[in-house]
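coords27.cif follows; it contains mmCIF, C-alpha atoms and all ligand atoms.
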data_target
#
loop_
_atom_site.group_PDB
_atom_site.id
_atom_site.type_symbol
_atom_site.label_atom_id
_atom_site.label_comp_id
_atom_site.auth_asym_id
_atom_site.auth_seq_id
_atom_site.Cartn_x
_atom_site.Cartn_y
_atom_site.Cartn_z
ATOM 1 C CA PRO A 1 -190.748 111.265 110.902
ATOM 2 C CA LEU A 2 -188.884 112.017 107.688
ATOM 3 C CA PRO A 3 -190.789 113.291 104.650
ATOM 4 C CA VAL A 4 -191.560 110.607 102.071
ATOM 5 C CA LEU A 5 -190.683 110.922 98.385
ATOM 6 C CA ALA A 6 -192.205 108.114 96.302
ATOM 7 C CA VAL A 7 -190.924 107.076 92.882
ATOM 8 C CA VAL A 8 -193.813 105.936 90.715
ATOM 9 C CA GLY A 9 -194.132 104.774 87.113
ATOM 10 C CA ARG A 10 -194.630 101.841 84.801
ATOM 11 C CA PRO A 11 -192.282 98.843 84.944
ATOM 12 C CA ASN A 12 -188.959 99.353 83.192
ATOM 13 C CA VAL A 13 -189.027 103.165 83.038
ATOM 14 C CA GLY A 14 -185.942 103.386 85.283
ATOM 15 C CA LYS A 15 -187.361 103.945 88.769
ATOM 16 C CA SER A 16 -184.828 101.723 90.541
ATOM 17 C CA THR A 17 -181.967 103.106 88.456
ATOM 18 C CA LEU A 18 -182.878 106.630 89.582
ATOM 19 C CA VAL A 19 -183.233 105.499 93.197
ATOM 20 C CA ASN A 20 -179.738 103.992 93.077
ATOM 21 C CA ARG A 21 -178.380 107.228 91.687
ATOM 22 C CA VAL A 22 -179.889 109.194 94.567
ATOM 23 C CA LEU A 23 -178.592 106.678 97.118
ATOM 24 C CA GLY A 24 -175.162 106.665 95.505
ATOM 25 C CA ARG A 25 -175.061 102.897 95.570
ATOM 26 C CA ARG A 26 -176.693 99.937 93.847
ATOM 27 C CA GLU A 27 -179.237 98.931 96.416
ATOM 28 C CA ALA A 28 -182.535 99.076 94.576
ATOM 29 C CA VAL A 29 -182.898 96.074 92.292
ATOM 30 C CA VAL A 30 -182.727 97.035 88.636
ATOM 31 C CA GLN A 31 -184.752 94.752 86.340
ATOM 32 C CA ASP A 32 -186.601 92.912 89.071
ATOM 33 C CA VAL A 33 -186.376 89.157 88.844
ATOM 34 C CA PRO A 34 -189.852 87.749 88.110
ATOM 35 C CA GLY A 35 -191.259 86.077 91.171
ATOM 36 C CA VAL A 36 -189.209 88.133 93.611
ATOM 37 C CA THR A 37 -191.995 90.489 94.515
ATOM 38 C CA ARG A 38 -191.414 93.390 96.815
ATOM 39 C CA ASP A 39 -194.037 96.014 96.237
ATOM 40 C CA ARG A 40 -192.393 98.954 97.944
ATOM 41 C CA VAL A 41 -188.975 99.479 99.449
ATOM 42 C CA SER A 42 -188.132 102.551 101.531
ATOM 43 C CA TYR A 43 -184.579 103.839 101.754
ATOM 44 C CA PRO A 44 -183.284 106.596 104.010
ATOM 45 C CA ALA A 45 -181.805 109.162 101.622
ATOM 46 C CA GLU A 46 -180.194 112.566 101.666
ATOM 47 C CA TRP A 47 -179.996 115.273 99.042
ATOM 48 C CA ALA A 48 -178.708 118.816 99.364
ATOM 49 C CA GLY A 49 -178.534 118.399 103.135
ATOM 50 C CA ARG A 50 -182.161 117.213 103.436
ATOM 51 C CA GLN A 51 -182.996 113.817 104.826
ATOM 52 C CA PHE A 52 -186.045 111.940 103.584
ATOM 53 C CA MET A 53 -187.391 108.474 102.865
ATOM 54 C CA LEU A 54 -187.140 107.465 99.225
ATOM 55 C CA VAL A 55 -189.698 104.843 98.212
ATOM 56 C CA ASP A 56 -189.035 102.616 95.202
ATOM 57 C CA THR A 57 -192.090 100.863 93.836
ATOM 58 C CA GLY A 58 -192.547 97.824 91.624
ATOM 59 C CA GLY A 59 -191.395 94.286 91.783
ATOM 60 C CA TRP A 60 -194.769 92.968 90.766
ATOM 61 C CA GLU A 61 -194.859 90.284 88.132
ATOM 62 C CA HIS A 62 -195.643 91.367 84.617
ATOM 63 C CA ASP A 63 -198.703 89.270 83.929
ATOM 64 C CA ALA A 64 -200.138 90.514 80.678
ATOM 65 C CA ALA A 65 -203.776 90.538 81.696
ATOM 66 C CA GLY A 66 -203.486 92.489 84.904
ATOM 67 C CA LEU A 67 -200.541 94.749 84.226
ATOM 68 C CA ASN A 68 -202.338 98.075 84.032
ATOM 69 C CA ALA A 69 -204.447 97.329 87.080
ATOM 70 C CA ARG A 70 -201.386 96.333 89.092
ATOM 71 C CA VAL A 71 -199.403 99.399 88.138
ATOM 72 C CA ALA A 72 -202.364 101.538 89.094
ATOM 73 C CA GLU A 73 -202.833 99.740 92.401
ATOM 74 C CA GLN A 74 -199.161 100.072 93.327
ATOM 75 C CA ALA A 75 -199.098 103.707 92.310
ATOM 76 C CA GLU A 76 -202.180 104.446 94.397
ATOM 77 C CA VAL A 77 -200.674 102.982 97.582
ATOM 78 C CA ALA A 78 -197.344 104.732 97.030
ATOM 79 C CA ILE A 79 -199.020 108.069 96.319
ATOM 80 C CA ALA A 80 -201.152 107.769 99.457
ATOM 81 C CA MET A 81 -198.092 107.311 101.693
ATOM 82 C CA ALA A 82 -196.029 110.025 99.987
ATOM 83 C CA ASP A 83 -195.550 113.690 100.783
ATOM 84 C CA ALA A 84 -194.353 114.236 97.204
ATOM 85 C CA VAL A 85 -194.077 112.034 94.118
ATOM 86 C CA MET A 86 -191.507 111.623 91.375
ATOM 87 C CA PHE A 87 -193.476 110.310 88.424
ATOM 88 C CA ILE A 88 -191.171 108.650 85.904
ATOM 89 C CA VAL A 89 -192.062 108.315 82.246
ATOM 90 C CA ASP A 90 -189.857 106.678 79.615
ATOM 91 C CA ALA A 91 -189.334 109.566 77.193
ATOM 92 C CA THR A 92 -188.228 107.169 74.450
ATOM 93 C CA VAL A 93 -191.645 105.461 74.605
ATOM 94 C CA GLY A 94 -193.795 108.512 75.285
ATOM 95 C CA PRO A 95 -196.927 108.655 77.420
ATOM 96 C CA THR A 96 -199.002 105.459 77.452
ATOM 97 C CA ALA A 97 -202.568 104.799 78.588
ATOM 98 C CA THR A 98 -201.185 103.501 81.881
ATOM 99 C CA ASP A 99 -199.249 106.730 82.344
ATOM 100 C CA GLU A 100 -202.466 108.693 81.760
ATOM 101 C CA GLN A 101 -204.171 106.557 84.405
ATOM 102 C CA VAL A 102 -201.454 107.398 86.940
ATOM 103 C CA VAL A 103 -201.728 111.099 86.010
ATOM 104 C CA ARG A 104 -205.432 111.050 86.930
ATOM 105 C CA MET A 105 -204.550 109.479 90.268
ATOM 106 C CA LEU A 106 -201.862 112.042 90.937
ATOM 107 C CA ARG A 107 -204.279 114.893 90.177
ATOM 108 C CA LYS A 108 -206.875 113.432 92.515
ATOM 109 C CA SER A 109 -204.323 113.076 95.311
ATOM 110 C CA GLY A 110 -203.386 116.748 95.234
ATOM 111 C CA LYS A 111 -199.811 115.752 96.172
ATOM 112 C CA PRO A 112 -196.913 117.683 94.653
ATOM 113 C CA VAL A 113 -195.513 115.902 91.588
ATOM 114 C CA VAL A 114 -192.203 116.186 89.793
ATOM 115 C CA LEU A 115 -192.434 114.758 86.280
ATOM 116 C CA VAL A 116 -189.299 112.907 85.197
ATOM 117 C CA ALA A 117 -188.671 112.264 81.493
ATOM 118 C CA ASN A 118 -186.177 109.419 81.814
ATOM 119 C CA LYS A 119 -183.836 107.808 79.280
ATOM 120 C CA VAL A 120 -182.941 111.154 77.734
ATOM 121 C CA ASP A 121 -179.348 110.004 77.343
ATOM 122 C CA SER A 122 -178.339 112.733 74.902
ATOM 123 C CA PRO A 123 -179.396 116.267 73.930
ATOM 124 C CA VAL A 124 -180.891 115.057 70.624
ATOM 125 C CA GLN A 125 -183.621 113.357 72.683
ATOM 126 C CA GLU A 126 -184.785 116.577 74.324
ATOM 127 C CA SER A 127 -187.783 116.689 71.987
ATOM 128 C CA ASP A 128 -188.958 113.350 73.440
ATOM 129 C CA ALA A 129 -188.935 114.963 76.872
ATOM 130 C CA ALA A 130 -190.770 118.073 75.636
ATOM 131 C CA ALA A 131 -193.590 115.833 74.334
ATOM 132 C CA LEU A 132 -194.423 115.018 77.962
ATOM 133 C CA TRP A 133 -195.758 118.536 78.558
ATOM 134 C CA SER A 134 -198.951 116.960 77.132
ATOM 135 C CA LEU A 135 -199.483 115.088 80.410
ATOM 136 C CA GLY A 136 -200.436 118.374 82.047
ATOM 137 C CA LEU A 137 -198.155 117.932 85.042
ATOM 138 C CA GLY A 138 -195.965 120.915 84.276
ATOM 139 C CA GLN A 139 -192.334 120.797 83.285
ATOM 140 C CA PRO A 140 -190.909 117.414 82.309
ATOM 141 C CA TRP A 141 -187.404 117.200 83.785
ATOM 142 C CA SER A 142 -185.199 115.387 81.311
ATOM 143 C CA VAL A 143 -182.959 112.864 82.954
ATOM 144 C CA SER A 144 -180.731 109.951 82.155
ATOM 145 C CA ALA A 145 -180.894 107.912 85.337
ATOM 146 C CA LEU A 146 -178.417 105.533 83.737
ATOM 147 C CA HIS A 147 -175.737 108.134 83.017
ATOM 148 C CA GLY A 148 -176.683 110.774 85.592
ATOM 149 C CA ARG A 149 -177.579 113.480 83.108
ATOM 150 C CA GLY A 150 -180.034 115.950 84.707
ATOM 151 C CA SER A 151 -180.483 113.908 87.868
ATOM 152 C CA GLY A 152 -179.190 116.660 90.175
ATOM 153 C CA ASP A 153 -181.645 119.198 88.788
ATOM 154 C CA VAL A 154 -184.654 116.926 89.188
ATOM 155 C CA LEU A 155 -183.674 116.105 92.769
ATOM 156 C CA ASP A 156 -183.389 119.820 93.508
ATOM 157 C CA ALA A 157 -186.885 120.233 92.051
ATOM 158 C CA ALA A 158 -188.183 117.410 94.229
ATOM 159 C CA MET A 159 -186.626 118.926 97.363
ATOM 160 C CA ALA A 160 -188.359 122.216 96.564
ATOM 161 C CA VAL A 161 -191.792 120.563 96.861
ATOM 162 C CA LEU A 162 -191.066 117.956 99.570
HETATM 163 P P1 LIG W 201 -187.910 100.083 86.881
HETATM 164 O O1 LIG W 201 -188.638 98.836 86.537
HETATM 165 O O2 LIG W 201 -188.763 101.287 86.596
HETATM 166 O O3 LIG W 201 -187.361 100.101 88.273
HETATM 167 O O4 LIG W 201 -186.677 100.207 85.866
HETATM 168 P P2 LIG W 201 -185.139 99.803 86.105
HETATM 169 O O5 LIG W 201 -184.459 100.842 86.938
HETATM 170 O O6 LIG W 201 -185.082 98.407 86.584
HETATM 171 O O7 LIG W 201 -184.570 99.926 84.619
HETATM 172 C C1 LIG W 201 -185.112 99.169 83.569
HETATM 173 C C2 LIG W 201 -184.122 99.144 82.425
HETATM 174 O O8 LIG W 201 -183.987 100.460 81.868
HETATM 175 C C3 LIG W 201 -182.728 98.717 82.846
HETATM 176 O O9 LIG W 201 -182.175 97.939 81.806
HETATM 177 C C4 LIG W 201 -181.989 100.036 82.986
HETATM 178 O O10 LIG W 201 -180.602 99.919 82.790
HETATM 179 C C5 LIG W 201 -182.627 100.846 81.867
HETATM 180 N N1 LIG W 201 -182.533 102.308 82.137
HETATM 181 C C6 LIG W 201 -182.836 102.953 83.280
HETATM 182 N N2 LIG W 201 -182.597 104.277 83.173
HETATM 183 C C7 LIG W 201 -182.126 104.474 81.916
HETATM 184 C C8 LIG W 201 -181.682 105.645 81.201
HETATM 185 O O11 LIG W 201 -181.648 106.763 81.682
HETATM 186 N N3 LIG W 201 -181.281 105.433 79.902
HETATM 187 C C9 LIG W 201 -181.284 104.198 79.327
HETATM 188 N N4 LIG W 201 -180.867 104.122 78.070
HETATM 189 N N5 LIG W 201 -181.672 103.087 79.970
HETATM 190 C C10 LIG W 201 -182.102 103.218 81.255
HETATM 191 MG MG MG W 202 -187.584 98.727 89.814
#

Step by step, read the file and then write its structure as structure tokens.
Ligand code: GDP
Ligand code: MG
Amino acid sequence: PLPVLAVVGRPNVGKSTLVNRVLGRREAVVQDVPGVTRDRVSYPAEWAGRQFMLVDTGGWEHDAAGLNARVAEQAEVAIAMADAVMFIVDATVGPTATDEQVVRMLRKSGKPVVLVANKVDSPVQESDAAALWSLGLGQPWSVSALHGRGSGDVLDAAMAVL
């Protein structure tokens, strides 16, 4: 079986956008339509000559009361099935309590993690990415999934631990 790389993070941080960039096509649904719930979707992917399964997570409905619990639940299942995890944080928002919750889960899992500081669309936002060192997951890789900036480097980093 192919190694599994799971993409985990809060809703709206750009998980599906990054998945599409890796796939080279718009297959993962960006801005999931409420009510169309698919918790995890696995795509066969290839990077730098390596084949693997890329798992996009999300698609749950954003009900205010249960949001944190649902993110955590989804993250836990995805982490359990993964050989390595790309943890996406929105660098323009900074780390939230939900992000901290996922960090604790990642630590407990012992799985290799690549920390992605997404939405760093321009060099002036590099300081937003640097703030994510505080999560204690090592280097935050600054990326603009939307424009492609830094996405090759973070995929190389993921391949190194997968
Ligand atoms: P997901 O819920 O984590 O899968 O997030 P999506 O991939 O659906 O993206 C949520 C929104 O963020 C969409 O409007 C994307 O276009 C936007 N987005 C994703 N990546 C970036 C990025 O690198 N920069 C900016 N400015 N917007 C982004
Ligand atoms: Mg998505």

Produce as a PDB file with C-alpha atoms, keeping the file's coordinate frame the set of residues near ligand LIG 201 (chain W), where near means within 9 Å with only C-alpha atoms and all ligand atoms considered.
ATOM      1  CA  VAL A   7    -190.924 107.076  92.882  1.00  0.00           C
ATOM      2  CA  VAL A   8    -193.813 105.936  90.715  1.00  0.00           C
ATOM      3  CA  GLY A   9    -194.132 104.774  87.113  1.00  0.00           C
ATOM      4  CA  ARG A  10    -194.630 101.841  84.801  1.00  0.00           C
ATOM      5  CA  PRO A  11    -192.282  98.843  84.944  1.00  0.00           C
ATOM      6  CA  ASN A  12    -188.959  99.353  83.192  1.00  0.00           C
ATOM      7  CA  VAL A  13    -189.027 103.165  83.038  1.00  0.00           C
ATOM      8  CA  GLY A  14    -185.942 103.386  85.283  1.00  0.00           C
ATOM      9  CA  LYS A  15    -187.361 103.945  88.769  1.00  0.00           C
ATOM     10  CA  SER A  16    -184.828 101.723  90.541  1.00  0.00           C
ATOM     11  CA  THR A  17    -181.967 103.106  88.456  1.00  0.00           C
ATOM     12  CA  LEU A  18    -182.878 106.630  89.582  1.00  0.00           C
ATOM     13  CA  VAL A  19    -183.233 105.499  93.197  1.00  0.00           C
ATOM     14  CA  ASN A  20    -179.738 103.992  93.077  1.00  0.00           C
ATOM     15  CA  ALA A  28    -182.535  99.076  94.576  1.00  0.00           C
ATOM     16  CA  VAL A  29    -182.898  96.074  92.292  1.00  0.00           C
ATOM     17  CA  VAL A  30    -182.727  97.035  88.636  1.00  0.00           C
ATOM     18  CA  GLN A  31    -184.752  94.752  86.340  1.00  0.00           C
ATOM     19  CA  ASP A  32    -186.601  92.912  89.071  1.00  0.00           C
ATOM     20  CA  ASP A  56    -189.035 102.616  95.202  1.00  0.00           C
ATOM     21  CA  THR A  57    -192.090 100.863  93.836  1.00  0.00           C
ATOM     22  CA  GLY A  58    -192.547  97.824  91.624  1.00  0.00           C
ATOM     23  CA  GLY A  59    -191.395  94.286  91.783  1.00  0.00           C
ATOM     24  CA  ILE A  88    -191.171 108.650  85.904  1.00  0.00           C
ATOM     25  CA  VAL A  89    -192.062 108.315  82.246  1.00  0.00           C
ATOM     26  CA  ASP A  90    -189.857 106.678  79.615  1.00  0.00           C
ATOM     27  CA  THR A  92    -188.228 107.169  74.450  1.00  0.00           C
ATOM     28  CA  ALA A 117    -188.671 112.264  81.493  1.00  0.00           C
ATOM     29  CA  ASN A 118    -186.177 109.419  81.814  1.00  0.00           C
ATOM     30  CA  LYS A 119    -183.836 107.808  79.280  1.00  0.00           C
ATOM     31  CA  VAL A 120    -182.941 111.154  77.734  1.00  0.00           C
ATOM     32  CA  ASP A 121    -179.348 110.004  77.343  1.00  0.00           C
ATOM     33  CA  VAL A 143    -182.959 112.864  82.954  1.00  0.00           C
ATOM     34  CA  SER A 144    -180.731 109.951  82.155  1.00  0.00           C
ATOM     35  CA  ALA A 145    -180.894 107.912  85.337  1.00  0.00           C
ATOM     36  CA  LEU A 146    -178.417 105.533  83.737  1.00  0.00           C
ATOM     37  CA  HIS A 147    -175.737 108.134  83.017  1.00  0.00           C
ATOM     38  CA  GLY A 148    -176.683 110.774  85.592  1.00  0.00           C
ATOM     39  CA  ARG A 149    -177.579 113.480  83.108  1.00  0.00           C
TER      40      ARG A 149
END

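Look at Met159 (chain A): the protein and nucleic acid residues within 9 Å of it, using all atoms listed in the file and passing over chain neighbours fewer than 5 places away, are Trp47, Ala48, Arg50 and Val154 of chain A.
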
Neighbouring residues of Thr98 (chain A) were defined as those with any atom within 9 Å, considering all atoms listed in the file; residues of the same chain fewer than 2 positions away were excluded. Please report them as a list in words.
Gly9, Arg10, Asn68, Ala69, Val71, Ala72, Pro95, Thr96, Glu100, Gln101, Val102 and Val103 of chain A

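When all atoms listed in the file are used to measure the gap to ligand MG 202 (chain W), the shortest distance among A:Arg25, A:Lys108, A:Arg70, A:Arg40 belongs to A:Arg40.
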
What separation in Å, quoted to one decimal, exists between CA of Val93 (chain A) and CA of Gly136 (chain A)?
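Taking CA of Val93 (chain A) as the start and CA of Gly136 (chain A) as the end point, the length is 17.3 Å.
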
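The interatomic distance for the pair CA of Glu27 (chain A) and CA of Ser151 (chain A) works out to 17.3 Å.
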
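Interatomic distance, CA of Leu2 (chain A) to CA of Gly138 (chain A): 26.0 Å.
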
Using all atoms listed in the file, which protein or nucleic acid residues come within 10 Å of Leu137 (chain A)? Drop anything in the same chain fewer than 4 positions from it, and give the result as JSON, numbers by chain.
{"A": [87, 103, 106, 107, 112, 113, 114, 115, 132, 133]}

At a cut-off of 7 Å, using only C-alpha atoms, what residues contact region 3-6 of chain A? Leave out same-chain residues fewer than 4 positions from it and give the result as an MDAnalysis selection string.
chainID A and resid 52:56 78:79 82:86 162

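Residue nearest ligand MG 202 (chain W), chosen from A:Glu73, A:Asp39, A:Asp153, A:Asp99 and counting only C-alpha atoms and all ligand atoms: A:Asp39.
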
Within 9 Å of Ser127 (chain A), counting only C-alpha atoms, which residues qualify if same-chain residues fewer than 4 places away don't, as a PDB file with C-alpha atoms, in the coordinates of the input?
ATOM      1  CA  ALA A  91    -189.334 109.566  77.193  1.00  0.00           C
ATOM      2  CA  PRO A 123    -179.396 116.267  73.930  1.00  0.00           C
ATOM      3  CA  ALA A 131    -193.590 115.833  74.334  1.00  0.00           C
TER       4      ALA A 131
END

Counting all atoms listed in the file, the residue of A:Arg26, A:Gln51, A:Gly110, A:Pro1 that sits nearest ligand MG 202 (chain W)
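The closest residue to ligand MG 202 (chain W) is A:Arg26.
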
Give me the box for region 114-133 of chain A as AutoDock Vina command-line options, namely the centre and edge lengths in Å to one decimal of a box along x, y and z that holds every listed atom plus 5 Å on each side.
--center_x -187.0 --center_y 113.2 --center_z 80.2 --size_x 27.4 --size_y 20.7 --size_z 29.2

Given only C-alpha atoms and all ligand atoms as the counted atoms, nearest of A:Ala158, A:Ala97, A:Val41, A:Met81 to ligand MG 202 (chain W)
A:Val41

If I only have part of region 6-31 of chain A, can you fill in N, CA and C atoms and write it as an mmCIF file, keeping the file's coordinate frame?
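Just written: out_14.cif:
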data_model
loop_
_atom_site.group_PDB
_atom_site.id
_atom_site.type_symbol
_atom_site.label_atom_id
_atom_site.label_comp_id
_atom_site.auth_asym_id
_atom_site.auth_seq_id
_atom_site.Cartn_x
_atom_site.Cartn_y
_atom_site.Cartn_z
ATOM 1 N N ALA A 6 -191.952 109.388 96.975
ATOM 2 C CA ALA A 6 -192.205 108.114 96.302
ATOM 3 C C ALA A 6 -191.867 108.218 94.826
ATOM 4 N N VAL A 7 -191.270 107.160 94.303
ATOM 5 C CA VAL A 7 -190.924 107.076 92.882
ATOM 6 C C VAL A 7 -191.904 106.120 92.223
ATOM 7 N N VAL A 8 -192.688 106.666 91.296
ATOM 8 C CA VAL A 8 -193.813 105.936 90.715
ATOM 9 C C VAL A 8 -193.690 105.932 89.199
ATOM 10 N N GLY A 9 -194.133 104.848 88.571
ATOM 11 C CA GLY A 9 -194.132 104.774 87.113
ATOM 12 C C GLY A 9 -194.277 103.334 86.657
ATOM 13 N N ARG A 10 -194.477 103.168 85.375
ATOM 14 C CA ARG A 10 -194.630 101.841 84.801
ATOM 15 C C ARG A 10 -193.363 101.016 85.007
ATOM 16 N N PRO A 11 -193.479 99.680 84.894
ATOM 17 C CA PRO A 11 -192.282 98.843 84.944
ATOM 18 C C PRO A 11 -191.302 99.241 83.841
ATOM 19 N N ASN A 12 -190.015 99.202 84.184
ATOM 20 C CA ASN A 12 -188.959 99.353 83.192
ATOM 21 C C ASN A 12 -188.668 100.794 82.765
ATOM 22 N N VAL A 13 -189.292 101.773 83.415
ATOM 23 C CA VAL A 13 -189.027 103.165 83.038
ATOM 24 C C VAL A 13 -187.741 103.700 83.665
ATOM 25 N N GLY A 14 -187.207 102.962 84.658
ATOM 26 C CA GLY A 14 -185.942 103.386 85.283
ATOM 27 C C GLY A 14 -186.085 103.890 86.710
ATOM 28 N N LYS A 15 -187.154 103.490 87.394
ATOM 29 C CA LYS A 15 -187.361 103.945 88.769
ATOM 30 C C LYS A 15 -186.198 103.529 89.678
ATOM 31 N N SER A 16 -185.869 102.232 89.634
ATOM 32 C CA SER A 16 -184.828 101.723 90.541
ATOM 33 C C SER A 16 -183.457 102.287 90.180
ATOM 34 N N THR A 17 -183.236 102.515 88.891
ATOM 35 C CA THR A 17 -181.967 103.106 88.456
ATOM 36 C C THR A 17 -181.820 104.517 89.038
ATOM 37 N N LEU A 18 -182.915 105.273 89.022
ATOM 38 C CA LEU A 18 -182.878 106.630 89.582
ATOM 39 C C LEU A 18 -182.696 106.587 91.102
ATOM 40 N N VAL A 19 -183.378 105.643 91.746
ATOM 41 C CA VAL A 19 -183.233 105.499 93.197
ATOM 42 C C VAL A 19 -181.776 105.211 93.556
ATOM 43 N N ASN A 20 -181.148 104.307 92.809
ATOM 44 C CA ASN A 20 -179.738 103.992 93.077
ATOM 45 C C ASN A 20 -178.849 105.218 92.904
ATOM 46 N N ARG A 21 -179.185 106.031 91.930
ATOM 47 C CA ARG A 21 -178.380 107.228 91.687
ATOM 48 C C ARG A 21 -178.486 108.189 92.866
ATOM 49 N N VAL A 22 -179.703 108.321 93.409
ATOM 50 C CA VAL A 22 -179.889 109.194 94.567
ATOM 51 C C VAL A 22 -179.146 108.626 95.772
ATOM 52 N N LEU A 23 -179.229 107.310 95.963
ATOM 53 C CA LEU A 23 -178.592 106.678 97.118
ATOM 54 C C LEU A 23 -177.082 106.655 96.982
ATOM 55 N N GLY A 24 -176.597 106.731 95.731
ATOM 56 C CA GLY A 24 -175.162 106.665 95.505
ATOM 57 C C GLY A 24 -174.613 105.259 95.620
ATOM 58 N N ARG A 25 -175.497 104.304 95.539
ATOM 59 C CA ARG A 25 -175.061 102.897 95.570
ATOM 60 C C ARG A 25 -176.130 102.034 94.913
ATOM 61 N N ARG A 26 -175.746 100.820 94.525
ATOM 62 C CA ARG A 26 -176.693 99.937 93.847
ATOM 63 C C ARG A 26 -177.425 99.096 94.871
ATOM 64 N N GLU A 27 -178.491 99.658 95.392
ATOM 65 C CA GLU A 27 -179.237 98.931 96.416
ATOM 66 C C GLU A 27 -180.606 98.513 95.892
ATOM 67 N N ALA A 28 -181.263 99.421 95.186
ATOM 68 C CA ALA A 28 -182.535 99.076 94.576
ATOM 69 C C ALA A 28 -182.268 98.113 93.423
ATOM 70 N N VAL A 29 -183.114 97.121 93.286
ATOM 71 C CA VAL A 29 -182.898 96.074 92.292
ATOM 72 C C VAL A 29 -183.367 96.546 90.921
ATOM 73 N N VAL A 30 -182.411 96.651 90.007
ATOM 74 C CA VAL A 30 -182.727 97.035 88.636
ATOM 75 C C VAL A 30 -183.132 95.780 87.874
ATOM 76 N N GLN A 31 -184.183 95.899 87.071
ATOM 77 C CA GLN A 31 -184.752 94.752 86.340
ATOM 78 C C GLN A 31 -185.106 93.626 87.300
#
